[in-house]
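Visitor: Here it is, the structure in full.
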Amino acid sequence: MNRGRRELLREIYHRLIAALGPQHWWPADTPMEVIIGAILTQNTSWKNVKQAIGRLREKNLLHLEELNRVSLQELAALIRSSGYYNQKARKLKAFCDHVGTHWNGNLARFLAQEIEPLRQELLSIFGIGQETADSIILYAAHKPTFVVDAYTHRICSRHGWVSEELTYGELRDFFEGALEPDVRFFQEYHALFVRTGHAYCRRTPQCASCPLDSYPVYLL
DNA sequence: GGCCAGGACACCA
DNA sequence: TGGTGTCATGGC
């Protein structure tokens with residue numbers, strides 16, 4: 001365990017939570033809703049996703065079985081606001097089809113697997129890449145994996161904590177290798193990064209009011 | 001009116 | 001393995 005990095009990462013967390021407060025993520029009521037949101041928010045702002053989820057909720061489609069029954073065309077029309085709607089409709093269908101076929105539709109049992117087999121199985125499903133898989137593991141399965149997204153990458157590289165060239169897995173290891181695996185802590189940490197990205201990292205490489213600005217990198 | 005968002009996949013060299 | 005094109009809406 002890298003002590004210097006651990007101290008740095010804990011300090012970052014405390015600065016963010018002091019500035020922004022707890023985020024209480026993921027904004028969803030059920031594991032299935034988390035999964036739907038994780039797919040719909042791919043390269044898309046959450047505001048657009050919220051509309052789509054609202055339409056699915058109206059039609060009582062935030063469930064595996066119901067989603068399995070609706071046609072691809074109808075589903076695509078309902079999630080139109082989230083962008084890439086044809087692709088995302090296919091992805092939602094692929095997920096539902098997978099759990100339906102391989103787990104007899106038992107989502108809870110599917111999510112109850114150990115982290116690594118669950119990750120590999122998620123990654124084998126069309127439309128689920130590294131970030132979406134980790135979001136599902138952390139927020140739907142409630143298992144400790146660190147979610148890396150564009151904001152995580154941007155914040156960490158711009159502050160000089162990591163190289164810009166780091167791959168997804170390397171950046172995840174950067175956090176997981178220094179922090180105790182703790183579901184609530186990882187959930188809040190990722191949410192704080194996203195909030196920080198929204199609040200401080202829009203269009204400007206540096207932002208003077210960011211609680212992380214000028215944070216020393218000597219600990220690394 | 002342009003830019004960008006809580007990515008992933010296909011195709012090519 | 002890495003680089004590039006494609007998917008697409010809505011908010012700012």
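In the structure tokens, the first chain shown is A, the next is B, and so on; residue numbers restart at 1 for each chain, and ligands run from 1 in the order shown.
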Using only C-alpha atoms (C1' of nucleotides), tabulate the residues of chain B lying at most 10 Å from any atom of chain A, each with its closest atom pair and that distance in Å to one decimal, by chain and increasing residue number, as a Markdown table.

Guide:
```
| residue | atom | partner | partner_atom | distance |
| --- | --- | --- | --- | --- |
| B:DC3 | C1' | A:Arg203 | CA | 9.3 |
| B:DC4 | C1' | A:Thr44 | CA | 8.9 |
| B:DA5 | C1' | A:Ser45 | CA | 4.4 |
| B:DG6 | C1' | A:Thr41 | CA | 6.3 |
| B:DG7 | C1' | A:Gln42 | CA | 4.7 |
| B:DA8 | C1' | A:Gly127 | CA | 5.9 |
| B:DC9 | C1' | A:Gly127 | CA | 7.7 |
```

Visitor: Using DSSP on the backbone coordinates, identify the residues of stretch 29-207 of chain A assigned to alpha helix (DSSP H); present them as a compact mmCIF listing (two decimals) with N, CA and C atoms, in the first residue's frame.

Guide:
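So the final result, stored in part33.txt, reads:
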```txt
# COMPACT_ATOMS: atom_id res chain seq x y z
N PRO A 31 -31.57 -1.54 -8.29
CA PRO A 31 -30.39 -1.94 -9.08
C PRO A 31 -30.65 -1.87 -10.59
N MET A 32 -31.85 -2.28 -11.01
CA MET A 32 -32.15 -2.25 -12.45
C MET A 32 -32.16 -0.82 -12.97
N GLU A 33 -32.65 0.09 -12.16
CA GLU A 33 -32.66 1.50 -12.56
C GLU A 33 -31.24 2.05 -12.66
N VAL A 34 -30.37 1.59 -11.77
CA VAL A 34 -28.96 1.98 -11.85
C VAL A 34 -28.37 1.52 -13.18
N ILE A 35 -28.65 0.28 -13.53
CA ILE A 35 -28.08 -0.30 -14.75
C ILE A 35 -28.59 0.43 -15.99
N ILE A 36 -29.88 0.70 -16.02
CA ILE A 36 -30.46 1.44 -17.14
C ILE A 36 -29.81 2.82 -17.24
N GLY A 37 -29.68 3.49 -16.11
CA GLY A 37 -29.06 4.81 -16.10
C GLY A 37 -27.61 4.77 -16.54
N ALA A 38 -26.90 3.74 -16.13
CA ALA A 38 -25.48 3.61 -16.46
C ALA A 38 -25.29 3.47 -17.97
N ILE A 39 -26.20 2.78 -18.61
CA ILE A 39 -26.11 2.62 -20.07
C ILE A 39 -26.55 3.91 -20.77
N LEU A 40 -27.64 4.48 -20.29
CA LEU A 40 -28.16 5.68 -20.97
C LEU A 40 -27.25 6.89 -20.82
N TRP A 46 -26.59 13.87 -17.69
CA TRP A 46 -27.63 13.21 -16.89
C TRP A 46 -29.00 13.86 -17.10
N LYS A 47 -29.02 15.14 -17.41
CA LYS A 47 -30.30 15.82 -17.63
C LYS A 47 -31.08 15.16 -18.76
N ASN A 48 -30.36 14.80 -19.81
CA ASN A 48 -31.02 14.12 -20.93
C ASN A 48 -31.48 12.72 -20.53
N VAL A 49 -30.68 12.09 -19.69
CA VAL A 49 -31.00 10.72 -19.26
C VAL A 49 -32.24 10.73 -18.37
N LYS A 50 -32.35 11.73 -17.52
CA LYS A 50 -33.48 11.79 -16.59
C LYS A 50 -34.81 11.78 -17.32
N GLN A 51 -34.85 12.50 -18.44
CA GLN A 51 -36.09 12.52 -19.21
C GLN A 51 -36.44 11.13 -19.72
N ALA A 52 -35.42 10.45 -20.23
CA ALA A 52 -35.64 9.10 -20.77
C ALA A 52 -36.10 8.15 -19.67
N ILE A 53 -35.45 8.23 -18.51
CA ILE A 53 -35.83 7.35 -17.41
C ILE A 53 -37.26 7.68 -16.94
N GLY A 54 -37.61 8.95 -16.98
CA GLY A 54 -38.96 9.34 -16.62
C GLY A 54 -40.00 8.71 -17.55
N ARG A 55 -39.69 8.65 -18.83
CA ARG A 55 -40.63 8.05 -19.78
C ARG A 55 -40.72 6.54 -19.57
N LEU A 56 -39.58 5.93 -19.25
CA LEU A 56 -39.61 4.48 -18.98
C LEU A 56 -40.41 4.20 -17.71
N ARG A 57 -40.27 5.11 -16.73
CA ARG A 57 -41.02 4.92 -15.48
C ARG A 57 -42.53 5.03 -15.73
N GLU A 58 -42.92 6.00 -16.56
CA GLU A 58 -44.34 6.16 -16.89
C GLU A 58 -44.92 4.88 -17.48
N LEU A 64 -36.52 -5.63 -15.57
CA LEU A 64 -35.94 -6.55 -16.54
C LEU A 64 -37.01 -7.22 -17.42
N GLU A 65 -38.04 -7.78 -16.79
CA GLU A 65 -39.03 -8.55 -17.55
C GLU A 65 -39.77 -7.65 -18.53
N GLU A 66 -40.21 -6.49 -18.04
CA GLU A 66 -40.96 -5.57 -18.88
C GLU A 66 -40.11 -5.07 -20.05
N LEU A 67 -38.85 -4.79 -19.75
CA LEU A 67 -37.95 -4.29 -20.78
C LEU A 67 -37.69 -5.37 -21.84
N ASN A 68 -37.72 -6.61 -21.40
CA ASN A 68 -37.53 -7.73 -22.31
C ASN A 68 -38.69 -7.86 -23.28
N ARG A 69 -39.86 -7.43 -22.85
CA ARG A 69 -41.05 -7.61 -23.68
C ARG A 69 -41.25 -6.51 -24.71
N LEU A 72 -37.86 -3.27 -29.76
CA LEU A 72 -36.67 -2.43 -29.90
C LEU A 72 -37.05 -1.03 -30.37
N GLN A 73 -37.98 -0.96 -31.29
CA GLN A 73 -38.39 0.33 -31.86
C GLN A 73 -39.09 1.19 -30.81
N GLU A 74 -39.96 0.56 -30.05
CA GLU A 74 -40.68 1.32 -29.02
C GLU A 74 -39.72 1.82 -27.94
N LEU A 75 -38.78 0.94 -27.58
CA LEU A 75 -37.80 1.32 -26.57
C LEU A 75 -36.94 2.49 -27.05
N ALA A 76 -36.50 2.41 -28.29
CA ALA A 76 -35.67 3.48 -28.85
C ALA A 76 -36.41 4.81 -28.83
N ALA A 77 -37.69 4.78 -29.15
CA ALA A 77 -38.48 6.01 -29.16
C ALA A 77 -38.59 6.60 -27.76
N LEU A 78 -38.74 5.73 -26.77
CA LEU A 78 -38.91 6.20 -25.39
C LEU A 78 -37.64 6.82 -24.82
N TYR A 85 -29.98 6.82 -29.42
CA TYR A 85 -31.08 6.00 -28.89
C TYR A 85 -31.20 4.63 -29.52
N ASN A 86 -30.80 4.52 -30.81
CA ASN A 86 -30.87 3.19 -31.42
C ASN A 86 -29.83 2.25 -30.80
N GLN A 87 -28.62 2.78 -30.64
CA GLN A 87 -27.55 1.99 -30.02
C GLN A 87 -27.92 1.60 -28.59
N LYS A 88 -28.41 2.58 -27.83
CA LYS A 88 -28.70 2.33 -26.42
C LYS A 88 -29.87 1.38 -26.23
N ALA A 89 -30.83 1.43 -27.15
CA ALA A 89 -31.93 0.48 -27.08
C ALA A 89 -31.39 -0.94 -27.28
N ARG A 90 -30.48 -1.10 -28.21
CA ARG A 90 -29.84 -2.41 -28.43
C ARG A 90 -29.09 -2.86 -27.19
N LYS A 91 -28.39 -1.90 -26.55
CA LYS A 91 -27.60 -2.25 -25.37
C LYS A 91 -28.50 -2.69 -24.22
N LEU A 92 -29.59 -1.97 -24.00
CA LEU A 92 -30.51 -2.36 -22.92
C LEU A 92 -31.09 -3.74 -23.20
N LYS A 93 -31.44 -3.96 -24.45
CA LYS A 93 -31.98 -5.26 -24.83
C LYS A 93 -30.95 -6.38 -24.63
N ALA A 94 -29.71 -6.07 -24.99
CA ALA A 94 -28.65 -7.07 -24.85
C ALA A 94 -28.45 -7.45 -23.40
N PHE A 95 -28.52 -6.48 -22.51
CA PHE A 95 -28.35 -6.77 -21.08
C PHE A 95 -29.51 -7.64 -20.58
N CYS A 96 -30.72 -7.21 -20.89
CA CYS A 96 -31.90 -7.96 -20.43
C CYS A 96 -31.89 -9.37 -21.00
N ASP A 97 -31.52 -9.49 -22.25
CA ASP A 97 -31.47 -10.80 -22.89
C ASP A 97 -30.44 -11.70 -22.20
N HIS A 98 -29.30 -11.11 -21.85
CA HIS A 98 -28.24 -11.90 -21.21
C HIS A 98 -28.69 -12.44 -19.86
N VAL A 99 -29.24 -11.57 -19.02
CA VAL A 99 -29.67 -12.01 -17.68
C VAL A 99 -30.86 -12.96 -17.78
N GLY A 100 -31.71 -12.68 -18.76
CA GLY A 100 -32.85 -13.57 -18.97
C GLY A 100 -32.40 -14.97 -19.37
N THR A 101 -31.44 -15.04 -20.28
CA THR A 101 -30.99 -16.32 -20.82
C THR A 101 -30.09 -17.08 -19.85
N HIS A 102 -29.11 -16.37 -19.27
CA HIS A 102 -28.09 -17.06 -18.47
C HIS A 102 -28.43 -17.15 -16.98
N LEU A 107 -31.90 -11.12 -11.56
CA LEU A 107 -30.89 -10.06 -11.53
C LEU A 107 -30.11 -10.07 -10.21
N ALA A 108 -30.80 -10.31 -9.12
CA ALA A 108 -30.14 -10.29 -7.81
C ALA A 108 -29.06 -11.36 -7.73
N ARG A 109 -29.36 -12.53 -8.27
CA ARG A 109 -28.37 -13.61 -8.23
C ARG A 109 -27.19 -13.30 -9.15
N PHE A 110 -27.50 -12.71 -10.30
CA PHE A 110 -26.44 -12.29 -11.23
C PHE A 110 -25.49 -11.30 -10.55
N LEU A 111 -26.06 -10.34 -9.83
CA LEU A 111 -25.25 -9.30 -9.20
C LEU A 111 -24.55 -9.79 -7.94
N ILE A 115 -16.66 -10.02 -7.48
CA ILE A 115 -16.40 -8.87 -8.35
C ILE A 115 -15.81 -9.27 -9.71
N GLU A 116 -14.76 -10.07 -9.70
CA GLU A 116 -14.05 -10.32 -10.96
C GLU A 116 -14.89 -11.11 -11.96
N PRO A 117 -15.51 -12.22 -11.55
CA PRO A 117 -16.39 -12.90 -12.52
C PRO A 117 -17.54 -12.02 -12.98
N LEU A 118 -18.07 -11.21 -12.06
CA LEU A 118 -19.16 -10.30 -12.45
C LEU A 118 -18.67 -9.29 -13.49
N ARG A 119 -17.47 -8.75 -13.26
CA ARG A 119 -16.91 -7.77 -14.21
C ARG A 119 -16.73 -8.40 -15.59
N GLN A 120 -16.12 -9.59 -15.61
CA GLN A 120 -15.87 -10.24 -16.89
C GLN A 120 -17.17 -10.55 -17.62
N GLU A 121 -18.18 -10.96 -16.87
CA GLU A 121 -19.46 -11.27 -17.52
C GLU A 121 -20.12 -9.99 -18.04
N LEU A 122 -20.05 -8.93 -17.26
CA LEU A 122 -20.61 -7.65 -17.72
C LEU A 122 -19.92 -7.19 -18.99
N LEU A 123 -18.58 -7.31 -19.01
CA LEU A 123 -17.82 -6.84 -20.16
C LEU A 123 -18.10 -7.66 -21.42
N GLN A 130 -15.79 -0.77 -19.71
CA GLN A 130 -15.16 -0.73 -18.38
C GLN A 130 -15.92 0.15 -17.39
N GLU A 131 -16.20 1.37 -17.80
CA GLU A 131 -16.84 2.28 -16.84
C GLU A 131 -18.25 1.84 -16.48
N THR A 132 -19.01 1.46 -17.48
CA THR A 132 -20.38 1.02 -17.22
C THR A 132 -20.37 -0.22 -16.33
N ALA A 133 -19.45 -1.14 -16.58
CA ALA A 133 -19.34 -2.35 -15.76
C ALA A 133 -19.04 -1.98 -14.31
N ASP A 134 -18.09 -1.10 -14.12
CA ASP A 134 -17.73 -0.72 -12.76
C ASP A 134 -18.84 0.06 -12.06
N SER A 135 -19.55 0.89 -12.80
CA SER A 135 -20.68 1.60 -12.21
C SER A 135 -21.73 0.61 -11.72
N ALA A 150 -14.49 10.04 -17.41
CA ALA A 150 -13.76 11.14 -18.06
C ALA A 150 -13.34 12.19 -17.04
N TYR A 151 -14.19 12.46 -16.06
CA TYR A 151 -13.86 13.47 -15.05
C TYR A 151 -12.71 13.00 -14.17
N THR A 152 -12.75 11.76 -13.76
CA THR A 152 -11.67 11.21 -12.94
C THR A 152 -10.34 11.37 -13.65
N HIS A 153 -10.35 10.99 -14.92
CA HIS A 153 -9.14 11.05 -15.73
C HIS A 153 -8.66 12.50 -15.87
N ARG A 154 -9.60 13.38 -16.17
CA ARG A 154 -9.28 14.79 -16.40
C ARG A 154 -8.75 15.45 -15.14
N ILE A 155 -9.45 15.24 -14.04
CA ILE A 155 -9.05 15.88 -12.78
C ILE A 155 -7.68 15.38 -12.34
N CYS A 156 -7.49 14.08 -12.39
CA CYS A 156 -6.22 13.51 -11.91
C CYS A 156 -5.04 13.91 -12.78
N SER A 157 -5.23 13.94 -14.09
CA SER A 157 -4.10 14.27 -14.96
C SER A 157 -3.82 15.77 -14.93
N ARG A 158 -4.87 16.58 -14.88
CA ARG A 158 -4.65 18.04 -14.87
C ARG A 158 -3.97 18.50 -13.59
N TYR A 168 -7.52 2.99 -18.50
CA TYR A 168 -8.61 2.86 -17.53
C TYR A 168 -8.18 2.01 -16.34
N GLY A 169 -7.65 0.82 -16.65
CA GLY A 169 -7.28 -0.11 -15.58
C GLY A 169 -6.18 0.45 -14.69
N GLU A 170 -5.23 1.16 -15.28
CA GLU A 170 -4.14 1.74 -14.49
C GLU A 170 -4.66 2.81 -13.53
N LEU A 171 -5.60 3.61 -13.99
CA LEU A 171 -6.14 4.66 -13.13
C LEU A 171 -7.00 4.05 -12.01
N ARG A 172 -7.72 3.00 -12.34
CA ARG A 172 -8.49 2.30 -11.30
C ARG A 172 -7.55 1.73 -10.25
N ASP A 173 -6.45 1.14 -10.71
CA ASP A 173 -5.46 0.58 -9.77
C ASP A 173 -4.81 1.68 -8.92
N PHE A 174 -4.68 2.86 -9.50
CA PHE A 174 -4.11 3.99 -8.78
C PHE A 174 -4.91 4.25 -7.50
N PHE A 175 -6.23 4.14 -7.61
CA PHE A 175 -7.09 4.35 -6.43
C PHE A 175 -7.19 3.09 -5.58
N GLU A 176 -7.48 1.98 -6.24
CA GLU A 176 -7.71 0.75 -5.47
C GLU A 176 -6.44 0.26 -4.78
N VAL A 183 -17.32 0.26 -0.02
CA VAL A 183 -18.36 0.56 -1.01
C VAL A 183 -18.87 1.99 -0.88
N ARG A 184 -19.29 2.39 0.31
CA ARG A 184 -19.86 3.73 0.49
C ARG A 184 -18.84 4.82 0.15
N PHE A 185 -17.60 4.56 0.58
CA PHE A 185 -16.53 5.52 0.32
C PHE A 185 -16.28 5.65 -1.17
N PHE A 186 -16.17 4.54 -1.89
CA PHE A 186 -15.95 4.57 -3.35
C PHE A 186 -17.14 5.22 -4.07
N GLN A 187 -18.35 4.93 -3.58
CA GLN A 187 -19.54 5.52 -4.21
C GLN A 187 -19.50 7.04 -4.11
N GLU A 188 -19.19 7.50 -2.92
CA GLU A 188 -19.17 8.94 -2.67
C GLU A 188 -18.02 9.60 -3.41
N TYR A 189 -16.89 8.92 -3.45
CA TYR A 189 -15.69 9.48 -4.09
C TYR A 189 -15.95 9.74 -5.58
N HIS A 190 -16.47 8.74 -6.24
CA HIS A 190 -16.75 8.90 -7.67
C HIS A 190 -17.78 10.00 -7.91
N ALA A 191 -18.82 10.02 -7.09
CA ALA A 191 -19.87 11.05 -7.22
C ALA A 191 -19.27 12.44 -7.05
N LEU A 192 -18.35 12.57 -6.11
CA LEU A 192 -17.71 13.87 -5.87
C LEU A 192 -16.86 14.30 -7.07
N PHE A 193 -16.21 13.35 -7.71
CA PHE A 193 -15.44 13.68 -8.91
C PHE A 193 -16.36 14.19 -10.02
N VAL A 194 -17.48 13.53 -10.20
CA VAL A 194 -18.42 13.96 -11.25
C VAL A 194 -18.94 15.36 -10.93
N ARG A 195 -19.31 15.56 -9.68
CA ARG A 195 -19.81 16.88 -9.25
C ARG A 195 -18.73 17.95 -9.45
N THR A 196 -17.50 17.60 -9.13
CA THR A 196 -16.39 18.53 -9.32
C THR A 196 -16.22 18.86 -10.79
N GLY A 197 -16.33 17.83 -11.63
CA GLY A 197 -16.22 18.05 -13.07
C GLY A 197 -17.30 19.00 -13.57
N HIS A 198 -18.52 18.78 -13.10
CA HIS A 198 -19.63 19.66 -13.50
C HIS A 198 -19.38 21.09 -13.05
N ALA A 199 -18.93 21.21 -11.82
CA ALA A 199 -18.86 22.54 -11.21
C ALA A 199 -17.63 23.34 -11.64
N TYR A 200 -16.53 22.64 -11.87
CA TYR A 200 -15.27 23.38 -12.03
C TYR A 200 -14.50 23.12 -13.31
```

Visitor: Using only C-alpha atoms (C1' of nucleotides), I'd like every residue of chain C that has an atom within 9 Å of chain A; please write them out as a list in words.

Guide: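 Per the criterion, chain C yields DC7, DA8, DT9, DG10 and DG11 of chain C.
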
Visitor: Would you pick out the contacts of C:DT4 at 12 Å or less, using only C-alpha atoms (C1' of nucleotides), so that residues sharing its chain but fewer than 4 positions from it are not included, and give the list as a PyMOL selection string?

Guide: chain B and resi 10-13

Visitor: I need the residues from that last selection saved to file as a PDB file, in the first residue's frame (with C-alpha atoms (C1' of nucleotides)), if you can.

Guide:
```
ATOM      1  C1'  DA B  10     -16.409  -1.344 -35.496  1.00  0.00           C
ATOM      2  C1'  DC B  11     -12.943  -1.003 -38.652  1.00  0.00           C
ATOM      3  C1'  DC B  12      -8.349  -0.305 -40.245  1.00  0.00           C
ATOM      4  C1'  DA B  13      -3.322  -0.284 -40.393  1.00  0.00           C
TER       5       DA B  13
END
```

Visitor: Between atom CA of A:Phe146 and atom CA of A:Ala19, what distance in Å does the model show, to one decimal?

Guide: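 Taking atom CA of A:Phe146 and atom CA of A:Ala19, their separation equals 21.3 Å.
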
Visitor: May I ask for the distance between atom CA of A:Leu8 and atom CA of A:Asp182, given in Å to one decimal place?

Guide: 16.9 Å

Visitor: What is the atom CA of A:Arg10-atom CA of A:Ala178 distance in Å, reported with one decimal?

Guide: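 Distance reported for this atom pair: 9.5 Å.
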